[in-house]
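K.L.:
Contents of protein04.cif (mmCIF, C-alpha atoms and all ligand atoms):
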data_input
#
loop_
_atom_site.group_PDB
_atom_site.id
_atom_site.type_symbol
_atom_site.label_atom_id
_atom_site.label_comp_id
_atom_site.auth_asym_id
_atom_site.auth_seq_id
_atom_site.Cartn_x
_atom_site.Cartn_y
_atom_site.Cartn_z
ATOM 1 C CA MET U 1 -13.671 -57.491 33.520
ATOM 2 C CA ASN U 2 -11.039 -57.632 30.925
ATOM 3 C CA ILE U 3 -7.909 -56.034 32.422
ATOM 4 C CA PRO U 4 -5.139 -55.515 29.875
ATOM 5 C CA ASN U 5 -1.913 -57.226 30.719
ATOM 6 C CA GLN U 6 1.052 -55.094 31.771
ATOM 7 C CA PRO U 7 2.883 -54.750 28.427
ATOM 8 C CA ILE U 8 -0.322 -53.551 26.743
ATOM 9 C CA LEU U 9 -0.993 -51.068 29.590
ATOM 10 C CA PHE U 10 2.586 -49.808 29.324
ATOM 11 C CA ARG U 11 2.250 -49.320 25.561
ATOM 12 C CA ALA U 12 -1.057 -47.477 26.040
ATOM 13 C CA LEU U 13 0.520 -45.143 28.607
ATOM 14 C CA ALA U 14 3.497 -44.568 26.329
ATOM 15 C CA ALA U 15 1.131 -43.716 23.461
ATOM 16 C CA LEU U 16 -0.798 -41.305 25.708
ATOM 17 C CA VAL U 17 2.421 -39.601 26.766
ATOM 18 C CA ALA U 18 3.426 -39.317 23.106
ATOM 19 C CA VAL U 19 0.060 -37.760 22.198
ATOM 20 C CA LEU U 20 0.287 -35.271 25.081
ATOM 21 C CA SER U 21 3.856 -34.387 24.113
ATOM 22 C CA VAL U 22 2.788 -33.703 20.545
ATOM 23 C CA ALA U 23 -0.127 -31.576 21.809
ATOM 24 C CA CYS U 24 2.290 -29.332 23.709
ATOM 25 C CA ALA U 25 4.987 -29.380 21.099
ATOM 26 C CA PRO U 26 3.748 -27.018 18.366
ATOM 27 C CA LEU U 27 4.896 -23.642 19.575
ATOM 28 C CA PRO U 28 4.970 -20.250 17.938
ATOM 29 C CA PRO U 29 7.858 -19.828 15.583
ATOM 30 C CA GLN U 30 10.725 -18.309 17.532
ATOM 31 C CA ARG U 31 14.387 -17.810 17.004
ATOM 32 C CA SER U 32 16.348 -20.968 17.628
ATOM 33 C CA ASP U 33 19.954 -21.561 18.455
ATOM 34 C CA SER U 34 21.203 -23.279 15.316
ATOM 35 C CA SER U 35 23.777 -25.304 17.238
ATOM 36 C CA THR U 36 21.370 -26.813 19.777
ATOM 37 C CA GLY U 37 17.935 -26.292 18.235
ATOM 38 C CA ALA U 38 16.775 -24.882 21.590
ATOM 39 C CA ARG U 39 14.117 -22.188 21.516
ATOM 40 C CA SER U 40 15.127 -18.826 22.887
ATOM 41 C CA GLU U 41 13.586 -15.413 23.438
ATOM 42 C CA PRO U 42 14.856 -12.437 21.438
ATOM 43 C CA SER U 43 17.038 -11.638 24.455
ATOM 44 C CA GLY U 44 18.817 -14.966 23.897
ATOM 45 C CA ARG U 45 17.539 -16.376 27.217
ATOM 46 C CA PRO U 46 16.267 -19.960 26.863
ATOM 47 C CA VAL U 47 12.483 -20.283 27.067
ATOM 48 C CA SER U 48 11.658 -22.215 30.242
ATOM 49 C CA VAL U 49 7.844 -22.236 30.072
ATOM 50 C CA THR U 50 5.899 -24.454 27.698
ATOM 51 C CA ALA U 51 2.651 -22.966 26.466
ATOM 52 C CA GLU U 52 0.038 -24.641 24.332
ATOM 53 C CA TRP U 53 0.093 -22.941 20.925
ATOM 54 C CA ARG U 54 -3.428 -21.858 19.874
ATOM 55 C CA PRO U 55 -2.780 -19.298 17.155
ATOM 56 C CA SER U 56 -5.262 -16.472 16.693
ATOM 57 C CA PRO U 57 -5.609 -14.764 13.306
ATOM 58 C CA ASN U 58 -6.226 -11.421 15.054
ATOM 59 C CA VAL U 59 -2.675 -10.149 15.052
ATOM 60 C CA ASP U 60 -0.299 -7.902 13.168
ATOM 61 C CA GLY U 61 3.237 -6.635 13.564
ATOM 62 C CA ARG U 62 4.394 -4.090 16.096
ATOM 63 C CA ARG U 63 3.182 -0.508 15.720
ATOM 64 C CA PRO U 64 5.994 1.988 16.182
ATOM 65 C CA ASN U 65 5.038 5.115 18.110
ATOM 66 C CA TYR U 66 8.347 7.028 18.000
ATOM 67 C CA VAL U 67 10.863 8.087 15.371
ATOM 68 C CA VAL U 68 14.501 8.390 16.441
ATOM 69 C CA ILE U 69 16.816 10.381 14.181
ATOM 70 C CA HIS U 70 20.562 9.755 13.988
ATOM 71 C CA HIS U 71 23.584 10.809 12.015
ATOM 72 C CA THR U 72 26.025 8.106 10.980
ATOM 73 C CA SER U 73 29.244 10.000 11.888
ATOM 74 C CA ASP U 74 30.682 8.588 8.640
ATOM 75 C CA SER U 75 31.845 10.601 5.667
ATOM 76 C CA ARG U 76 30.826 7.923 3.123
ATOM 77 C CA ILE U 77 27.473 6.140 2.968
ATOM 78 C CA GLU U 78 29.186 2.898 1.944
ATOM 79 C CA ASP U 79 30.971 2.796 5.311
ATOM 80 C CA ALA U 80 27.736 3.414 7.194
ATOM 81 C CA LEU U 81 25.893 0.771 5.167
ATOM 82 C CA ARG U 82 28.655 -1.756 5.850
ATOM 83 C CA THR U 83 28.415 -1.109 9.605
ATOM 84 C CA LEU U 84 24.619 -1.213 9.656
ATOM 85 C CA THR U 85 24.519 -4.580 7.860
ATOM 86 C CA ASP U 86 27.519 -6.286 9.482
ATOM 87 C CA PRO U 87 26.354 -9.161 11.743
ATOM 88 C CA ALA U 88 29.411 -8.661 13.950
ATOM 89 C CA ARG U 89 28.535 -5.019 14.704
ATOM 90 C CA GLN U 90 24.965 -5.789 15.842
ATOM 91 C CA VAL U 91 23.618 -2.369 14.854
ATOM 92 C CA SER U 92 21.012 -1.435 12.275
ATOM 93 C CA SER U 93 18.339 1.111 11.474
ATOM 94 C CA HIS U 94 15.135 1.006 9.489
ATOM 95 C CA TYR U 95 16.300 3.655 7.034
ATOM 96 C CA LEU U 96 19.534 5.239 5.872
ATOM 97 C CA ILE U 97 19.267 8.461 3.851
ATOM 98 C CA ALA U 98 22.076 9.534 1.533
ATOM 99 C CA ARG U 99 23.287 13.100 1.026
ATOM 100 C CA ASP U 100 21.683 13.074 -2.446
ATOM 101 C CA GLY U 101 18.291 12.114 -0.986
ATOM 102 C CA ARG U 102 18.342 8.406 -1.819
ATOM 103 C CA ILE U 103 16.460 6.445 0.847
ATOM 104 C CA LEU U 104 17.678 2.941 1.691
ATOM 105 C CA GLN U 105 15.509 0.649 3.822
ATOM 106 C CA LEU U 106 17.432 -1.893 5.882
ATOM 107 C CA VAL U 107 14.784 -3.264 8.265
ATOM 108 C CA ASP U 108 11.010 -3.666 7.882
ATOM 109 C CA ASP U 109 9.056 -1.045 9.866
ATOM 110 C CA ARG U 110 7.201 -3.803 11.697
ATOM 111 C CA GLN U 111 10.443 -5.287 12.997
ATOM 112 C CA ARG U 112 12.769 -4.121 15.748
ATOM 113 C CA ALA U 113 15.970 -2.544 14.439
ATOM 114 C CA TRP U 114 18.975 -2.101 16.732
ATOM 115 C CA HIS U 115 19.659 1.628 16.612
ATOM 116 C CA ALA U 116 18.876 3.088 20.041
ATOM 117 C CA GLY U 117 20.971 0.961 22.388
ATOM 118 C CA GLU U 118 20.644 1.735 26.079
ATOM 119 C CA SER U 119 17.994 4.425 26.078
ATOM 120 C CA TYR U 120 15.229 6.180 27.997
ATOM 121 C CA TRP U 121 12.429 8.523 27.038
ATOM 122 C CA GLY U 122 9.353 9.388 29.074
ATOM 123 C CA GLY U 123 9.417 6.158 31.067
ATOM 124 C CA LEU U 124 10.311 3.875 28.148
ATOM 125 C CA GLN U 125 13.571 1.992 28.511
ATOM 126 C CA ASP U 126 13.564 0.042 25.273
ATOM 127 C CA LEU U 127 13.156 2.563 22.463
ATOM 128 C CA ASN U 128 14.172 -0.051 19.891
ATOM 129 C CA SER U 129 10.916 -1.896 20.503
ATOM 130 C CA ALA U 130 8.794 1.228 20.078
ATOM 131 C CA SER U 131 10.519 3.271 17.388
ATOM 132 C CA ILE U 132 11.608 3.612 13.795
ATOM 133 C CA GLY U 133 15.290 4.502 13.491
ATOM 134 C CA ILE U 134 16.475 6.784 10.689
ATOM 135 C CA GLU U 135 20.188 7.243 10.031
ATOM 136 C CA LEU U 136 21.339 10.286 8.058
ATOM 137 C CA ASP U 137 24.577 10.101 6.093
ATOM 138 C CA ASN U 138 26.324 12.963 7.872
ATOM 139 C CA ASP U 139 29.602 13.113 9.771
ATOM 140 C CA GLY U 140 28.275 15.323 12.571
ATOM 141 C CA ARG U 141 30.365 18.355 11.590
ATOM 142 C CA GLU U 142 28.905 19.251 8.193
ATOM 143 C CA PRO U 143 25.560 20.951 7.447
ATOM 144 C CA PHE U 144 22.812 18.483 6.562
ATOM 145 C CA ALA U 145 22.436 18.287 2.778
ATOM 146 C CA VAL U 146 19.222 19.883 1.454
ATOM 147 C CA PRO U 147 18.174 16.846 -0.698
ATOM 148 C CA MET U 148 18.690 14.645 2.368
ATOM 149 C CA ILE U 149 16.390 16.749 4.558
ATOM 150 C CA ASP U 150 13.783 16.954 1.772
ATOM 151 C CA ALA U 151 13.875 13.147 1.515
ATOM 152 C CA LEU U 152 13.674 12.837 5.304
ATOM 153 C CA LEU U 153 10.549 15.005 5.389
ATOM 154 C CA ALA U 154 8.941 12.917 2.634
ATOM 155 C CA LEU U 155 9.781 9.753 4.578
ATOM 156 C CA LEU U 156 8.392 11.202 7.827
ATOM 157 C CA ARG U 157 5.145 12.073 6.032
ATOM 158 C CA ASP U 158 4.908 8.500 4.778
ATOM 159 C CA ILE U 159 5.661 7.000 8.221
ATOM 160 C CA ASP U 160 3.219 9.373 9.914
ATOM 161 C CA GLU U 161 0.427 8.495 7.481
ATOM 162 C CA ARG U 162 0.915 4.819 8.214
ATOM 163 C CA PHE U 163 1.466 4.927 11.979
ATOM 164 C CA ASN U 164 0.010 8.288 13.093
ATOM 165 C CA ILE U 165 2.943 9.134 15.359
ATOM 166 C CA PRO U 166 2.323 12.000 17.840
ATOM 167 C CA ALA U 167 4.302 15.173 17.052
ATOM 168 C CA PRO U 168 6.290 15.136 20.348
ATOM 169 C CA ASN U 169 7.549 11.614 19.573
ATOM 170 C CA PHE U 170 9.987 12.646 16.813
ATOM 171 C CA ILE U 171 13.236 12.802 18.767
ATOM 172 C CA GLY U 172 16.991 12.401 18.406
ATOM 173 C CA HIS U 173 19.374 9.703 19.568
ATOM 174 C CA GLY U 174 21.047 12.281 21.834
ATOM 175 C CA ASP U 175 17.701 12.903 23.557
ATOM 176 C CA ILE U 176 17.193 9.284 24.540
ATOM 177 C CA ALA U 177 20.823 8.529 25.445
ATOM 178 C CA PRO U 178 22.104 11.724 27.147
ATOM 179 C CA GLY U 179 25.774 11.595 28.062
ATOM 180 C CA ARG U 180 26.314 8.697 25.638
ATOM 181 C CA LYS U 181 25.158 9.982 22.235
ATOM 182 C CA VAL U 182 25.022 13.433 20.636
ATOM 183 C CA ASP U 183 23.446 12.737 17.257
ATOM 184 C CA PRO U 184 21.971 14.246 15.173
ATOM 185 C CA GLY U 185 23.859 17.246 16.646
ATOM 186 C CA VAL U 186 23.404 21.019 16.775
ATOM 187 C CA LEU U 187 23.278 21.441 12.987
ATOM 188 C CA PHE U 188 20.163 19.311 12.552
ATOM 189 C CA PRO U 189 17.130 21.416 11.458
ATOM 190 C CA TRP U 190 14.716 20.478 14.259
ATOM 191 C CA ARG U 191 12.881 23.800 13.850
ATOM 192 C CA ARG U 192 12.040 23.027 10.217
ATOM 193 C CA LEU U 193 10.848 19.538 11.138
ATOM 194 C CA ALA U 194 8.620 20.912 13.894
ATOM 195 C CA ALA U 195 7.124 23.418 11.445
ATOM 196 C CA GLU U 196 6.005 20.387 9.389
ATOM 197 C CA GLY U 197 4.550 18.663 12.465
ATOM 198 C CA TYR U 198 7.439 16.364 13.381
ATOM 199 C CA GLY U 199 8.741 17.189 16.847
ATOM 200 C CA LEU U 200 8.163 20.267 19.016
ATOM 201 C CA TRP U 201 9.754 23.699 18.945
ATOM 202 C CA CYS U 202 9.296 27.007 20.757
ATOM 203 C CA ASP U 203 9.908 30.459 19.291
ATOM 204 C CA PRO U 204 9.718 33.814 21.137
ATOM 205 C CA PRO U 205 7.896 35.272 22.908
ATOM 206 C CA TYR U 206 8.550 32.611 25.535
ATOM 207 C CA PRO U 207 6.190 32.144 28.467
ATOM 208 C CA SER U 208 7.367 33.037 31.962
ATOM 209 C CA VAL U 209 8.176 30.062 34.136
ATOM 210 C CA PRO U 210 5.932 29.635 37.179
ATOM 211 C CA LEU U 211 7.605 30.316 40.495
ATOM 212 C CA GLY U 212 9.243 27.196 41.932
ATOM 213 C CA ALA U 213 9.212 25.210 38.680
ATOM 214 C CA ASP U 214 12.146 22.825 39.005
ATOM 215 C CA THR U 215 14.459 22.350 36.003
ATOM 216 C CA ALA U 216 15.010 18.615 36.620
ATOM 217 C CA LEU U 217 11.291 17.968 37.024
ATOM 218 C CA MET U 218 10.516 19.868 33.820
ATOM 219 C CA LEU U 219 13.200 17.917 31.900
ATOM 220 C CA GLN U 220 11.762 14.679 33.255
ATOM 221 C CA ALA U 221 8.201 15.725 32.420
ATOM 222 C CA PHE U 222 9.327 16.379 28.865
ATOM 223 C CA GLY U 223 10.884 12.911 28.551
ATOM 224 C CA TYR U 224 14.564 13.133 29.476
ATOM 225 C CA SER U 225 16.303 10.804 31.874
ATOM 226 C CA VAL U 226 17.652 13.002 34.682
ATOM 227 C CA THR U 227 19.849 10.318 36.208
ATOM 228 C CA ARG U 228 22.660 12.637 35.107
ATOM 229 C CA LEU U 229 21.187 16.119 35.184
ATOM 230 C CA ASP U 230 24.191 17.719 33.446
ATOM 231 C CA ALA U 231 23.859 15.274 30.543
ATOM 232 C CA ALA U 232 20.101 15.892 30.300
ATOM 233 C CA ILE U 233 20.670 19.663 30.187
ATOM 234 C CA ALA U 234 23.329 19.259 27.491
ATOM 235 C CA ALA U 235 20.990 17.077 25.418
ATOM 236 C CA PHE U 236 18.098 19.523 25.810
ATOM 237 C CA LYS U 237 20.243 22.503 24.786
ATOM 238 C CA ARG U 238 21.750 20.674 21.813
ATOM 239 C CA HIS U 239 18.254 20.009 20.492
ATOM 240 C CA PHE U 240 16.272 23.090 21.485
ATOM 241 C CA VAL U 241 18.852 25.864 22.044
ATOM 242 C CA PRO U 242 21.509 24.928 19.474
ATOM 243 C CA ASP U 243 22.902 28.472 19.240
ATOM 244 C CA ASP U 244 23.985 28.396 22.907
ATOM 245 C CA PRO U 245 26.167 25.384 23.680
ATOM 246 C CA SER U 246 26.882 26.454 27.294
ATOM 247 C CA PRO U 247 26.034 23.772 29.870
ATOM 248 C CA LEU U 248 24.063 26.209 32.032
ATOM 249 C CA MET U 249 20.300 26.617 32.082
ATOM 250 C CA THR U 250 19.571 30.313 31.692
ATOM 251 C CA GLU U 251 16.161 31.790 32.448
ATOM 252 C CA LYS U 252 15.548 31.851 28.681
ATOM 253 C CA ASP U 253 16.387 28.119 28.451
ATOM 254 C CA ARG U 254 14.002 27.380 31.302
ATOM 255 C CA SER U 255 11.284 29.357 29.511
ATOM 256 C CA ILE U 256 11.836 27.297 26.353
ATOM 257 C CA LEU U 257 11.686 24.101 28.393
ATOM 258 C CA TYR U 258 8.500 25.214 30.133
ATOM 259 C CA CYS U 259 6.998 26.096 26.742
ATOM 260 C CA LEU U 260 7.876 22.613 25.407
ATOM 261 C CA VAL U 261 6.445 20.832 28.443
ATOM 262 C CA SER U 262 3.231 22.851 28.047
ATOM 263 C CA GLN U 263 3.047 21.929 24.349
ATOM 264 C CA LYS U 264 3.624 18.260 25.099
ATOM 265 C CA GLN U 265 0.988 18.207 27.791
ATOM 266 C CA ALA U 266 -1.417 19.837 25.352
ATOM 267 C CA GLY U 267 -0.747 16.935 22.972
ATOM 268 C CA GLY U 268 1.499 18.598 20.417
ATOM 269 C CA ALA U 269 2.374 21.970 18.982
ATOM 270 C CA GLN U 270 0.094 24.833 19.990
HETATM 271 ZN ZN ZN M 301 22.696 7.356 16.739
#
Could you render the structure from this file as structure tokens?
P.N.:
Amino acid sequence: MNIPNQPILFRALAALVAVLSVACAPLPPQRSDSSTGARSEPSGRPVSVTAEWRPSPNVDGRRPNYVVIHHTSDSRIEDALRTLTDPARQVSSHYLIARDGRILQLVDDRQRAWHAGESYWGGLQDLNSASIGIELDNDGREPFAVPMIDALLALLRDIDERFNIPAPNFIGHGDIAPGRKVDPGVLFPWRRLAAEGYGLWCDPPYPSVPLGADTALMLQAFGYSVTRLDAAIAAFKRHFVPDDPSPLMTEKDRSILYCLVSQKQAGGAQ
């Protein structure tokens, strides 16, 4: 029996280790830290598990299922654009619409823009991963320009045709971050959007609320975080009862909320 001598055996083992290392090495393209070359997850946490990369062709980009609408709070679009493209600010949106109706696209729809921040809606805690963010060039105190809203509606039609987003899933930043954000504010024409199929709305006559229906449970069923009930109520009223800014839930407000929950559970506008 011809047993290889030790140096040859050592070289063979070294070659085998090298082959195995190469077999494990090709990994899916991921973001790397340019200073160290180390792979990291989008969160920035180093990847600690090595997986064998066997790419499948059966894949595409993410499929957004929500649209989150914002206003920039700026009076000039140039300022908003600078903020939304500044690496130091770490904020972005997929689209920015000017007062004259020009639509700027900043991030591909299939990628995750950074517009929602800490957020919650209907059980989801990372709206950035699931949504398209649209910023409107509006300072939060002025009426929304007509050409801007016309352009927004055209953009929503285009997004909806491509991603088939359910009507209840067109929401505002203030809805998903109650107590922290108020945009797009009480002047935003949610009723007009809902009439076109983007978002929900209830007009009179309102249904009567069943006995014992709890306000917090209804807000939660609709999507709101009720960790701070006062903030959830304020967000709901800003969106759905914009002519009454009081922080109280009247019986009429509860009827509107019940109507919205019923619409959502029915799968959209009735
Ligand atoms: Zn916002």
K.L.:
Just give me the gap between atom CA of Asn138 of chain U and atom CA of Glu161 of chain U in Å, one decimal is fine.
P.N.:
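Pair atom CA of Asn138 of chain U / atom CA of Glu161 of chain U returns 26.3 Å.
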K.L.:
Set the cut-off to 12 Å, count only C-alpha atoms and all ligand atoms, and list whatever residues fall near ligand ZN 301 (chain M) as a ChimeraX atom specification.
P.N.:
/U:67-74,80,84,91-93,96,114-119,128,133-140,171-178,180-185
K.L.:
Residues of segment 140-184 of chain U that approach segment 45-65 of chain U to 10 Å or less, counting only C-alpha atoms: could you list each one with the shortest pair of atoms and its distance in Å to one decimal, rows by chain and increasing residue number, as a tab-separated table?
P.N.:
residue	atom	partner	partner_atom	distance
U:Ile159	CA	U:Pro64	CA	9.4
U:Asp160	CA	U:Asn65	CA	9.4
U:Arg162	CA	U:Arg63	CA	9.5
U:Phe163	CA	U:Arg63	CA	6.8
U:Asn164	CA	U:Asn65	CA	7.8
U:Ile165	CA	U:Asn65	CA	5.3
U:Pro166	CA	U:Asn65	CA	7.4
U:Asn169	CA	U:Asn65	CA	7.1
U:Phe170	CA	U:Asn65	CA	9.1
K.L.:
From the options U:Ala113, U:Ile103, U:Ile233, U:Ala145, which residue's atoms come nearest to Ala130 of chain U, counting all atoms listed in the file?
P.N.:
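Using all atoms listed in the file, the shortest distance to Ala130 of chain U belongs to U:Ala113.
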K.L.:
Could you state which residues are captured by the PyMOL selection byres (((chain U and resi 198) around 8) and not hetatm) in this file, as a list in words?
P.N.:
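Evaluating the PyMOL selection byres (((chain U and resi 198) around 8) and not hetatm) on these coordinates yields Leu156, Ala167, Pro168, Asn169, Phe170, Leu193, Ala194, Ala195, Glu196, Gly197, Gly199 and Leu200 of chain U.
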K.L.:
Smallest atom-to-atom distance to Lys252 of chain U: which of U:Asp214, U:Asp203, U:Asp230, U:Asp79, using only C-alpha atoms?
P.N.:
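Nearest candidate to Lys252 of chain U out of U:Asp214, U:Asp203, U:Asp230, U:Asp79: U:Asp203.
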K.L.:
Could you tell me which residues the PyMOL selection byres (((chain U and resi 225) around 8) and not hetatm) returns for this structure, as JSON, numbers by chain?
P.N.:
{"U": [120, 121, 122, 176, 178, 219, 220, 223, 224, 226, 227, 228, 229, 232]}
K.L.:
Suppose you want the space between atom CA of Ala154 of chain U and atom CA of Gln263 of chain U; what is it in Å?
P.N.:
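Calculated distance between atom CA of Ala154 of chain U and atom CA of Gln263 of chain U is 24.2 Å.
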K.L.:
Could you work out how far atom CA of Phe222 of chain U lies from atom CA of His239 of chain U, giving the answer in Å with one decimal?
P.N.:
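These atoms are spaced 12.8 Å apart.
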K.L.:
Would you mind telling me which residue in U:Gly267, U:Pro242, U:Pro143, U:Pro189 lies nearest to Arg99 of chain U when using only C-alpha atoms?
P.N.:
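Of the candidates, the smallest distance to Arg99 of chain U is held by U:Pro143.
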K.L.:
Running the PyMOL selection byres (((chain U and resi 248) around 12) and not hetatm) on this model by hand, what would come out? Give it as a PyMOL selection string.
P.N.:
chain U and resi 215+229-238+241+244-247+249-254
K.L.:
Please determine, counting only C-alpha atoms, which residue among U:Arg112, U:Thr83, U:Lys264, U:Leu257 has the shortest atom-to-atom distance to Leu127 of chain U.
P.N.:
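Comparing U:Arg112, U:Thr83, U:Lys264, U:Leu257 against Leu127 of chain U, the winner is U:Arg112.
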K.L.:
Can you pull out the residues contacting Pro210 of chain U? Cut-off 10 Å, using only C-alpha atoms, and skip same-chain residues under 3 positions away; I want them as number ranges by chain.
P.N.:
U: 207, 213-214, 255, 258
